[in-house]
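As stored in query_16.pdb (PDB, C-alpha atoms):
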ATOM      1  CA  MET A   1     -66.771  66.233 110.437  1.00  0.00           C
ATOM      2  CA  LYS A   2     -63.846  67.503 112.521  1.00  0.00           C
ATOM      3  CA  PHE A   3     -61.637  67.288 109.430  1.00  0.00           C
ATOM      4  CA  LEU A   4     -64.110  69.380 107.399  1.00  0.00           C
ATOM      5  CA  THR A   5     -64.319  72.018 110.123  1.00  0.00           C
ATOM      6  CA  THR A   6     -60.523  72.242 110.291  1.00  0.00           C
ATOM      7  CA  LEU A   7     -60.267  72.449 106.510  1.00  0.00           C
ATOM      8  CA  LEU A   8     -62.951  75.142 106.336  1.00  0.00           C
ATOM      9  CA  PHE A   9     -61.211  77.175 109.044  1.00  0.00           C
ATOM     10  CA  ALA A  10     -57.875  76.856 107.231  1.00  0.00           C
ATOM     11  CA  VAL A  11     -59.377  77.995 103.920  1.00  0.00           C
ATOM     12  CA  LEU A  12     -61.108  80.964 105.562  1.00  0.00           C
ATOM     13  CA  ALA A  13     -57.944  81.951 107.449  1.00  0.00           C
ATOM     14  CA  LEU A  14     -55.691  81.909 104.363  1.00  0.00           C
ATOM     15  CA  PRO A  15     -56.424  85.468 103.207  1.00  0.00           C
ATOM     16  CA  ALA A  16     -55.699  86.872 106.673  1.00  0.00           C
ATOM     17  CA  LEU A  17     -52.521  84.835 106.990  1.00  0.00           C
ATOM     18  CA  ALA A  18     -51.379  85.909 103.544  1.00  0.00           C
ATOM     19  CA  GLN A  19     -51.837  89.555 104.487  1.00  0.00           C
ATOM     20  CA  ASP A  20     -49.584  89.110 107.527  1.00  0.00           C
ATOM     21  CA  ALA A  21     -47.015  87.234 105.475  1.00  0.00           C
ATOM     22  CA  LYS A  22     -43.672  88.604 104.468  1.00  0.00           C
ATOM     23  CA  PRO A  23     -44.108  91.013 101.557  1.00  0.00           C
ATOM     24  CA  THR A  24     -43.015  89.961  98.122  1.00  0.00           C
ATOM     25  CA  ALA A  25     -39.902  91.477  96.611  1.00  0.00           C
ATOM     26  CA  ALA A  26     -42.086  92.741  93.755  1.00  0.00           C
ATOM     27  CA  SER A  27     -44.404  94.647  96.111  1.00  0.00           C
ATOM     28  CA  VAL A  28     -41.429  96.200  97.898  1.00  0.00           C
ATOM     29  CA  ARG A  29     -39.987  97.263  94.510  1.00  0.00           C
ATOM     30  CA  GLN A  30     -43.364  98.861  93.700  1.00  0.00           C
ATOM     31  CA  LEU A  31     -43.175 100.709  97.009  1.00  0.00           C
ATOM     32  CA  PHE A  32     -39.675 101.947  96.215  1.00  0.00           C
ATOM     33  CA  GLU A  33     -40.913 103.198  92.837  1.00  0.00           C
ATOM     34  CA  ALA A  34     -43.848 104.992  94.459  1.00  0.00           C
ATOM     35  CA  MET A  35     -41.465 106.540  97.018  1.00  0.00           C
ATOM     36  CA  HIS A  36     -38.953 107.573  94.329  1.00  0.00           C
ATOM     37  CA  SER A  37     -36.270 105.816  96.377  1.00  0.00           C
ATOM     38  CA  SER A  38     -33.633 105.657  93.653  1.00  0.00           C
ATOM     39  CA  SER A  39     -33.797 109.420  93.069  1.00  0.00           C
ATOM     40  CA  MET A  40     -33.557 109.998  96.831  1.00  0.00           C
ATOM     41  CA  VAL A  41     -30.269 108.075  96.823  1.00  0.00           C
ATOM     42  CA  ASP A  42     -29.038 110.192  93.894  1.00  0.00           C
ATOM     43  CA  THR A  43     -30.005 113.360  95.769  1.00  0.00           C
ATOM     44  CA  TYR A  44     -28.180 112.139  98.876  1.00  0.00           C
ATOM     45  CA  VAL A  45     -25.006 111.493  96.856  1.00  0.00           C
ATOM     46  CA  LYS A  46     -25.197 115.045  95.468  1.00  0.00           C
ATOM     47  CA  GLN A  47     -25.587 116.399  99.017  1.00  0.00           C
ATOM     48  CA  VAL A  48     -22.506 114.439 100.102  1.00  0.00           C
ATOM     49  CA  GLU A  49     -20.560 115.981  97.223  1.00  0.00           C
ATOM     50  CA  THR A  50     -21.711 119.497  98.119  1.00  0.00           C
ATOM     51  CA  THR A  51     -20.906 118.964 101.799  1.00  0.00           C
ATOM     52  CA  MET A  52     -17.463 117.607 100.939  1.00  0.00           C
ATOM     53  CA  ARG A  53     -16.655 120.542  98.664  1.00  0.00           C
ATOM     54  CA  THR A  54     -17.765 123.002 101.343  1.00  0.00           C
ATOM     55  CA  ALA A  55     -15.694 121.245 104.005  1.00  0.00           C
ATOM     56  CA  LEU A  56     -12.594 121.265 101.822  1.00  0.00           C
ATOM     57  CA  GLN A  57     -13.106 124.959 101.031  1.00  0.00           C
ATOM     58  CA  GLN A  58     -13.429 125.726 104.744  1.00  0.00           C
ATOM     59  CA  ALA A  59     -10.279 123.713 105.458  1.00  0.00           C
ATOM     60  CA  THR A  60      -8.302 125.965 103.134  1.00  0.00           C
ATOM     61  CA  ALA A  61     -10.087 129.185 104.113  1.00  0.00           C
ATOM     62  CA  GLY A  62      -7.788 132.167 104.256  1.00  0.00           C
ATOM     63  CA  GLN A  63      -5.131 130.314 102.266  1.00  0.00           C
ATOM     64  CA  THR A  64      -4.570 130.488  98.568  1.00  0.00           C
ATOM     65  CA  PRO A  65      -3.393 127.086  97.396  1.00  0.00           C
ATOM     66  CA  ASN A  66      -0.858 126.966  94.613  1.00  0.00           C
ATOM     67  CA  ALA A  67      -1.585 125.032  91.420  1.00  0.00           C
ATOM     68  CA  LYS A  68      -0.104 121.772  92.772  1.00  0.00           C
ATOM     69  CA  GLN A  69      -2.068 121.999  96.021  1.00  0.00           C
ATOM     70  CA  LYS A  70      -5.258 122.804  94.145  1.00  0.00           C
ATOM     71  CA  LYS A  71      -4.742 119.758  91.900  1.00  0.00           C
ATOM     72  CA  ILE A  72      -4.147 117.539  94.971  1.00  0.00           C
ATOM     73  CA  VAL A  73      -7.416 118.745  96.559  1.00  0.00           C
ATOM     74  CA  GLU A  74      -9.331 118.261  93.302  1.00  0.00           C
ATOM     75  CA  ASP A  75      -7.911 114.737  92.961  1.00  0.00           C
ATOM     76  CA  LEU A  76      -8.982 113.995  96.550  1.00  0.00           C
ATOM     77  CA  GLN A  77     -12.512 115.192  95.791  1.00  0.00           C
ATOM     78  CA  THR A  78     -12.645 113.031  92.678  1.00  0.00           C
ATOM     79  CA  ARG A  79     -11.417 109.923  94.522  1.00  0.00           C
ATOM     80  CA  ILE A  80     -13.801 110.440  97.436  1.00  0.00           C
ATOM     81  CA  MET A  81     -16.789 110.901  95.126  1.00  0.00           C
ATOM     82  CA  ALA A  82     -15.826 107.805  93.144  1.00  0.00           C
ATOM     83  CA  LEU A  83     -15.870 105.808  96.394  1.00  0.00           C
ATOM     84  CA  VAL A  84     -19.192 107.315  97.472  1.00  0.00           C
ATOM     85  CA  LYS A  85     -20.804 106.614  94.095  1.00  0.00           C
ATOM     86  CA  GLU A  86     -19.418 103.081  94.115  1.00  0.00           C
ATOM     87  CA  GLN A  87     -20.917 102.315  97.519  1.00  0.00           C
ATOM     88  CA  LEU A  88     -24.104 104.384  97.378  1.00  0.00           C
ATOM     89  CA  ASN A  89     -25.762 103.473  94.111  1.00  0.00           C
ATOM     90  CA  TRP A  90     -29.311 102.233  93.747  1.00  0.00           C
ATOM     91  CA  ALA A  91     -28.442  99.037  91.866  1.00  0.00           C
ATOM     92  CA  ASP A  92     -26.330  97.825  94.803  1.00  0.00           C
ATOM     93  CA  LEU A  93     -28.508  99.238  97.591  1.00  0.00           C
ATOM     94  CA  GLU A  94     -31.886  98.006  96.339  1.00  0.00           C
ATOM     95  CA  PRO A  95     -31.421  94.278  97.131  1.00  0.00           C
ATOM     96  CA  THR A  96     -30.302  95.097 100.674  1.00  0.00           C
ATOM     97  CA  LEU A  97     -33.195  97.485 101.213  1.00  0.00           C
ATOM     98  CA  ILE A  98     -35.690  94.972  99.809  1.00  0.00           C
ATOM     99  CA  GLU A  99     -34.423  92.464 102.360  1.00  0.00           C
ATOM    100  CA  VAL A 100     -34.754  94.990 105.191  1.00  0.00           C
ATOM    101  CA  TYR A 101     -38.304  95.914 104.173  1.00  0.00           C
ATOM    102  CA  ARG A 102     -39.285  92.269 103.772  1.00  0.00           C
ATOM    103  CA  ASP A 103     -37.897  91.483 107.242  1.00  0.00           C
ATOM    104  CA  THR A 104     -39.601  94.493 108.809  1.00  0.00           C
ATOM    105  CA  PHE A 105     -43.025  94.907 107.206  1.00  0.00           C
ATOM    106  CA  THR A 106     -45.896  92.582 106.384  1.00  0.00           C
ATOM    107  CA  GLN A 107     -47.535  92.350 102.984  1.00  0.00           C
ATOM    108  CA  ARG A 108     -50.550  94.198 104.391  1.00  0.00           C
ATOM    109  CA  GLU A 109     -48.352  97.053 105.620  1.00  0.00           C
ATOM    110  CA  VAL A 110     -46.552  97.336 102.281  1.00  0.00           C
ATOM    111  CA  GLU A 111     -49.912  97.431 100.495  1.00  0.00           C
ATOM    112  CA  GLY A 112     -51.067 100.177 102.865  1.00  0.00           C
ATOM    113  CA  MET A 113     -47.908 102.178 102.202  1.00  0.00           C
ATOM    114  CA  LEU A 114     -48.350 101.684  98.464  1.00  0.00           C
ATOM    115  CA  LYS A 115     -51.870 103.046  98.696  1.00  0.00           C
ATOM    116  CA  PHE A 116     -50.650 106.042 100.708  1.00  0.00           C
ATOM    117  CA  TYR A 117     -47.648 106.859  98.502  1.00  0.00           C
ATOM    118  CA  HIS A 118     -49.781 106.634  95.360  1.00  0.00           C
ATOM    119  CA  SER A 119     -52.170 109.184  96.896  1.00  0.00           C
ATOM    120  CA  GLU A 120     -51.873 112.951  96.561  1.00  0.00           C
ATOM    121  CA  ALA A 121     -50.926 113.234 100.234  1.00  0.00           C
ATOM    122  CA  GLY A 122     -48.278 110.531  99.883  1.00  0.00           C
ATOM    123  CA  GLN A 123     -46.715 112.267  96.893  1.00  0.00           C
ATOM    124  CA  ALA A 124     -46.712 115.537  98.867  1.00  0.00           C
ATOM    125  CA  VAL A 125     -44.828 113.784 101.670  1.00  0.00           C
ATOM    126  CA  ILE A 126     -42.241 112.487  99.219  1.00  0.00           C
ATOM    127  CA  THR A 127     -41.825 115.899  97.627  1.00  0.00           C
ATOM    128  CA  LYS A 128     -41.882 118.067 100.729  1.00  0.00           C
ATOM    129  CA  LEU A 129     -40.382 115.927 103.485  1.00  0.00           C
ATOM    130  CA  PRO A 130     -36.745 116.597 102.492  1.00  0.00           C
ATOM    131  CA  THR A 131     -37.398 120.341 102.806  1.00  0.00           C
ATOM    132  CA  VAL A 132     -39.172 119.833 106.132  1.00  0.00           C
ATOM    133  CA  MET A 133     -36.250 117.792 107.449  1.00  0.00           C
ATOM    134  CA  GLN A 134     -33.652 120.307 106.245  1.00  0.00           C
ATOM    135  CA  GLU A 135     -35.517 123.258 107.751  1.00  0.00           C
ATOM    136  CA  SER A 136     -36.154 121.367 110.996  1.00  0.00           C
ATOM    137  CA  MET A 137     -32.480 120.496 111.342  1.00  0.00           C
ATOM    138  CA  ALA A 138     -31.449 124.100 110.650  1.00  0.00           C
ATOM    139  CA  ARG A 139     -33.791 125.391 113.341  1.00  0.00           C
ATOM    140  CA  ILE A 140     -32.686 122.738 115.827  1.00  0.00           C
ATOM    141  CA  GLN A 141     -29.043 123.582 115.079  1.00  0.00           C
ATOM    142  CA  GLY A 142     -29.821 127.219 115.880  1.00  0.00           C
ATOM    143  CA  ARG A 143     -31.095 126.172 119.288  1.00  0.00           C
ATOM    144  CA  VAL A 144     -28.058 123.969 119.873  1.00  0.00           C
ATOM    145  CA  ASN A 145     -25.767 126.860 118.930  1.00  0.00           C
ATOM    146  CA  ALA A 146     -27.513 129.081 121.497  1.00  0.00           C
ATOM    147  CA  LEU A 147     -27.247 126.328 124.100  1.00  0.00           C
ATOM    148  CA  THR A 148     -23.529 125.615 123.630  1.00  0.00           C
ATOM    149  CA  PRO A 149     -22.148 128.708 125.444  1.00  0.00           C
ATOM    150  CA  LYS A 150     -24.419 127.987 128.410  1.00  0.00           C
ATOM    151  CA  ILE A 151     -23.157 124.408 128.621  1.00  0.00           C
ATOM    152  CA  VAL A 152     -19.538 125.585 128.355  1.00  0.00           C
ATOM    153  CA  GLN A 153     -20.160 128.048 131.207  1.00  0.00           C
ATOM    154  CA  LEU A 154     -21.707 125.306 133.372  1.00  0.00           C
ATOM    155  CA  GLU A 155     -18.690 123.071 132.685  1.00  0.00           C
ATOM    156  CA  GLN A 156     -16.286 125.882 133.642  1.00  0.00           C
ATOM    157  CA  ASP A 157     -18.228 126.605 136.829  1.00  0.00           C
ATOM    158  CA  THR A 158     -18.259 122.922 137.750  1.00  0.00           C
ATOM    159  CA  ALA A 159     -14.530 122.582 137.087  1.00  0.00           C
ATOM    160  CA  ALA A 160     -13.895 125.585 139.347  1.00  0.00           C
ATOM    161  CA  GLN A 161     -16.094 124.049 142.067  1.00  0.00           C
ATOM    162  CA  ILE A 162     -14.258 120.722 141.805  1.00  0.00           C
ATOM    163  CA  LYS A 163     -10.880 122.468 142.015  1.00  0.00           C
ATOM    164  CA  ALA A 164     -11.987 124.551 144.983  1.00  0.00           C
ATOM    165  CA  ALA A 165     -13.371 121.471 146.746  1.00  0.00           C
ATOM    166  CA  GLY A 166      -9.998 119.777 146.349  1.00  0.00           C
ATOM    167  CA  ASP A 167      -8.110 122.822 147.686  1.00  0.00           C
ATOM    168  CA  GLY A 168     -10.405 123.162 150.680  1.00  0.00           C
ATOM    169  CA  GLN A 169     -11.469 126.644 149.597  1.00  0.00           C
ATOM    170  CA  PRO A 170     -15.045 127.703 149.012  1.00  0.00           C
ATOM    171  CA  ALA A 171     -16.075 127.536 145.404  1.00  0.00           C
ATOM    172  CA  PRO A 172     -16.976 130.770 143.673  1.00  0.00           C
ATOM    173  CA  PRO A 173     -20.731 131.185 143.310  1.00  0.00           C
ATOM    174  CA  SER A 174     -21.974 130.334 139.870  1.00  0.00           C
ATOM    175  CA  ALA A 175     -24.527 132.423 138.076  1.00  0.00           C
ATOM    176  CA  PRO A 176     -27.713 130.523 137.328  1.00  0.00           C
ATOM    177  CA  PRO A 177     -28.056 129.755 133.633  1.00  0.00           C
ATOM    178  CA  SER A 178     -30.423 132.035 131.824  1.00  0.00           C
ATOM    179  CA  SER A 179     -33.690 130.571 130.663  1.00  0.00           C
ATOM    180  CA  PRO A 180     -33.813 129.166 127.138  1.00  0.00           C
ATOM    181  CA  PRO A 181     -35.290 131.300 124.396  1.00  0.00           C
ATOM    182  CA  PRO A 182     -39.034 130.944 123.910  1.00  0.00           C
ATOM    183  CA  SER A 183     -40.167 128.300 121.451  1.00  0.00           C
ATOM    184  CA  ARG A 184     -41.577 129.369 118.129  1.00  0.00           C
TER
END
Rewrite the coordinates I just gave you, this time as structure tokens.
Amino acid sequence: MKFLTTLLFAVLALPALAQDAKPTAASVRQLFEAMHSSSMVDTYVKQVETTMRTALQQATAGQTPNAKQKKIVEDLQTRIMALVKEQLNWADLEPTLIEVYRDTFTQREVEGMLKFYHSEAGQAVITKLPTVMQESMARIQGRVNALTPKIVQLEQDTAAQIKAAGDGQPAPPSAPPSSPPPSR
């Protein structure tokens, strides 16, 4: 009787245990397809290329490179992008990412994500989240840019106080930092 009870419990527990099991590689691949992961990698590579071109243009700002210099810069861009494309391509990244997902999520969680990403809301997240992230980062950068002069002033005031404390002279009074701009 004890054996039958144990066997019955084991059979009834199997579905729950299977749901908490490591997800299959196939289910993770389905998730990647639903999330459009390979196209996100392609988009990222294009952003790297754009960022690199902008950085190289800024590095030569105000200078007009001659034909040889221009060719050297173009060759550099080509070599860098070849390296980026070699290292950041979906065919090579997918096995690593499958392993990470399988080590991180359960089968039940992957199934839940699949359900979400196949939904209208999930597809909206996939489509709109890159824009949300870009806009968020731009707005945060604006706040950081406004904060930087205040931090520099505090550092200068502190350096003056440290110097004065070492010389035995009173430190010049520092102006209190102005309050941060109101949040939007």
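The gap separating CA of Gln161 in chain A from CA of Pro149 in chain A is 18.3 Å, in Å to one decimal.
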Inset, instruction - May I ask for the distance between CA of Leu88 in chain A and CA of Asp42 in chain A, given in Å to one decimal place? - result: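 Those two atoms sit 8.4 Å apart.
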Legend entry - Among the residues A:Met52, A:Ala124, A:Ala91, A:Ala146, the one that comes closest to Val73 in chain A [using only C-alpha atoms]: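 With only C-alpha atoms as the atom set, the closest residue is A:Met52.
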Inset, instruction - Within 10 Å of Arg29 in chain A, counting all atoms listed in the file, which residues show up once you throw out same-chain ones fewer than 6 positions away? Write them as an MDAnalysis selection string, please. - result: chainID A and resid 35 37 94:95 97:98 101
Legend entry - Point-to-point distance from CA of Ala164 in chain A to CA of Val152 in chain A, Å rounded to tenths: 18.3 Å
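This file, queried with the PyMOL selection byres ((chain A and resi 103) around 12), gives the residues A:Asp20, A:Ala21, A:Lys22, A:Pro23, A:Thr24, A:Ala25, A:Val28, A:Thr96, A:Leu97, A:Ile98, A:Glu99, A:Val100, A:Tyr101, A:Arg102, A:Thr104, A:Phe105, A:Thr106, A:Gln107, A:Glu109, A:Val110.
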Inset, instruction - Return the single residue from A:Thr131, A:Leu154, A:Val45, A:Ser27 that is closest to Glu86 in chain A, with distances computed using all atoms listed in the file. - result: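 Using all atoms listed in the file, the shortest distance to Glu86 in chain A belongs to A:Val45.
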Inset, instruction - Tell me which protein, DNA and RNA residues are within 12 Å of range 46-50 of chain A, counting only C-alpha atoms, leaving out same-chain ones fewer than 2 positions away, and put them as a list in words. - result: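 Answer for this query is Ser39, Met40, Val41, Asp42, Thr43, Tyr44, Met52, Arg53, Thr54, Ala55, Leu56, Gln57, Leu76, Gln77, Thr78, Arg79, Ile80, Met81, Ala82, Leu83, Val84, Lys85, Leu88, Asn89, Pro130 and Gln134 of chain A.
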